[in-house]
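Comments concern the structure below.
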Amino acid sequence: MDAATAFATAPKPTPALFNPSASSPLSHSSLRLPVRGPRRGRPLRALQSPSQPRDVSHHDVVVVGAGIVGLAIARHLLLHTPLSVAVADAAVPCSGATGAGQGYIWMSHRTPGSDTWELAVRSKQLWEELAAEVDGQGGGGARERLGWMRTGSLLVGRTSEELATLEERTKALSQAGIQAEFLSTTSLHALEPALCVGKDGGAMFLPQDCQIDAFQAVSLIEKTNNSYSPEGRYVELFNDPAMSLIRSDVTGTIEAVQTSQNILYGRKAIVIASGAWTRSLWHNFLEPASTLDIPVKPRKGHLLVLENFDKLKLNHGLMEVGYVGHQVAKLNSISVASESGDDEHGSSSISMTATLDTKGNLVLGSSREFKGFSREVDKSIVKCIWERAGEFFPAMRDVPLDSIDKNMQIRIGHRPYISMKADVASISVPDGKPVIGFVPDLPNVLIATGHEGSGLTLALGTAEMVTDMIVGNPGKVDFSPFSIKNRF
């Protein structure tokens, strides 16, 4: 799953508090102030305690959130503009959402012509360019420094209905310029001998699809960002949660972010890239009378990582065709039980995803459920993921799950899911695209969130788009589908 999930062993938040960062639950609850804005039209001031003086610094752009999206935005600004950047986060990079995805940079589950299609195509191109650049620098190349592998992807089906879907998708992607091939059961078995899809099964094969390792990718991006620190263009402030926005006494515009330890002025822009925590953070930032609501919800996921698992050898990344429904589900094809917007229902869905990482670990997913910000491991979900994988890989069926506990890592995290209320029975359905754009009436504040399970895939394209917005470029990808205005 391209979804970002966080390590289950990470510190667990107090249930009533939410972290205003893209990477982990709030670990500094003692610093969380009941910040509320004043009435509309009056300055929004930082609340400061004399015993806790805050350092003040000035930058061109301040980014709240050090997940892959926030760090990539900083990188693109540093590489392609003369602007200075500060990044603040309540934790550290990869301690939360970004650090646990399967790392798919795939087109197989994208839909040509959808609102996110051009962004996905552009973002994948940027990842390809980065990998080529790193390969050219030596030092182990993109595999060692980025976790880059051109594994190719297999979207697999087991029924005649799924086969028809795969044939249709293969045709659509091919017409859109993506190298795609439909495989019968026999051809599929030649590529993946361990996989069993039955006599009615088959797959779509995209040989150009790739994967990365989030930890290695973030390390590389951070190294690039920090290379600009000596010249005073980059500052990163971790374990320092954002608390409020500061409004100018003179102009009334937002001019700074107050964190628990700092006041960060942003001359040109303030970017909120705080993932699943954007909504709670935004509510803290604005006065109670504000009508703007960004409907970002935490969509919890489990991921299993097995070390030294020699029962199964994979040659490609695999995903069952049912996974696509997580991304492009329509009202008439989704189950209220699996897609309900009511967190308290705790409903869940499981789709088989499997790959090997650069270390040879078997990575299995994936689950999706609405459980608020719970970080508890659900053993029943883990069991379902294991059993679902066993339906596709016979070699796993005779391996008891409890026999591999010592070699299994379970990751938990929250995808930033954008939901919209449909007209029918107020059912919450996927919006299907992130929010990337300026906030109406706050011309220097941007939001970049809602990538759901595509944060890694779309990060570089999002970073380019945000940079273009800030400097006033027309952009290589149309901004309008991701705009906040008139959307919520």
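Simple scheme: letters A, B, ... for chains in structure tokens order, numbers from 1 for residues in each chain, numbers from 1 for ligands in the order shown.
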Practice problem: With a distance cut-off of 6 Å and only C-alpha atoms, select the neighbouring residues of Ile263 of chain A, excluding the residue or stretch itself and same-chain residues fewer than 2 positions from it, and output the selection as a PyMOL selection string. | Solution: chain A and resi 56+257-258
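Backbone DSSP over segment 103-202 of chain A gives strand (DSSP E) for A:Tyr104, A:Ile105, A:Ser153, A:Leu154, A:Leu155, A:Val156, A:Gly157, A:Glu181, A:Phe182, A:Leu183, A:Ser184, A:Gly202.
For the choices A:Leu79, A:Val324, A:Asp89, A:Arg169, the atom-to-atom distance to Asn226 of chain A is smallest for A:Leu79 when using only C-alpha atoms.
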Quiz item: If we count only C-alpha atoms, what is near Leu401 of chain A at a cut-off of 10 Å, once residues fewer than 2 positions away on the same chain are taken out, given as a VMD selection string?
Solution: chain A and resid 382 to 383 386 to 387 396 to 399 403 to 405 408
Export C-alpha atoms of the chosen residues as a PDB file, in the first residue's frame?
ATOM      1  CA  VAL A 382      -3.475  -8.525  11.112  1.00  0.00           C
ATOM      2  CA  LYS A 383      -4.995 -12.005  10.837  1.00  0.00           C
ATOM      3  CA  TRP A 386      -2.340 -12.668   6.513  1.00  0.00           C
ATOM      4  CA  GLU A 387      -5.253 -14.836   5.443  1.00  0.00           C
ATOM      5  CA  MET A 396       1.743 -19.046   3.050  1.00  0.00           C
ATOM      6  CA  ARG A 397      -1.327 -21.078   3.973  1.00  0.00           C
ATOM      7  CA  ASP A 398       0.523 -23.618   6.074  1.00  0.00           C
ATOM      8  CA  VAL A 399       2.513 -20.990   8.015  1.00  0.00           C
ATOM      9  CA  SER A 403       5.086 -18.693  14.339  1.00  0.00           C
ATOM     10  CA  ILE A 404       6.581 -15.568  12.745  1.00  0.00           C
ATOM     11  CA  ASP A 405       5.859 -13.030  15.469  1.00  0.00           C
ATOM     12  CA  MET A 408       7.224  -9.464  11.994  1.00  0.00           C
TER      13      MET A 408
END
Quiz prompt | Contacts of Asn361 of chain A within 6 Å, only C-alpha atoms, excl. fewer than 2 positions in-chain, as a list in words | solution = Leu306, Glu307, Leu356, Asp357 and Lys359 of chain A
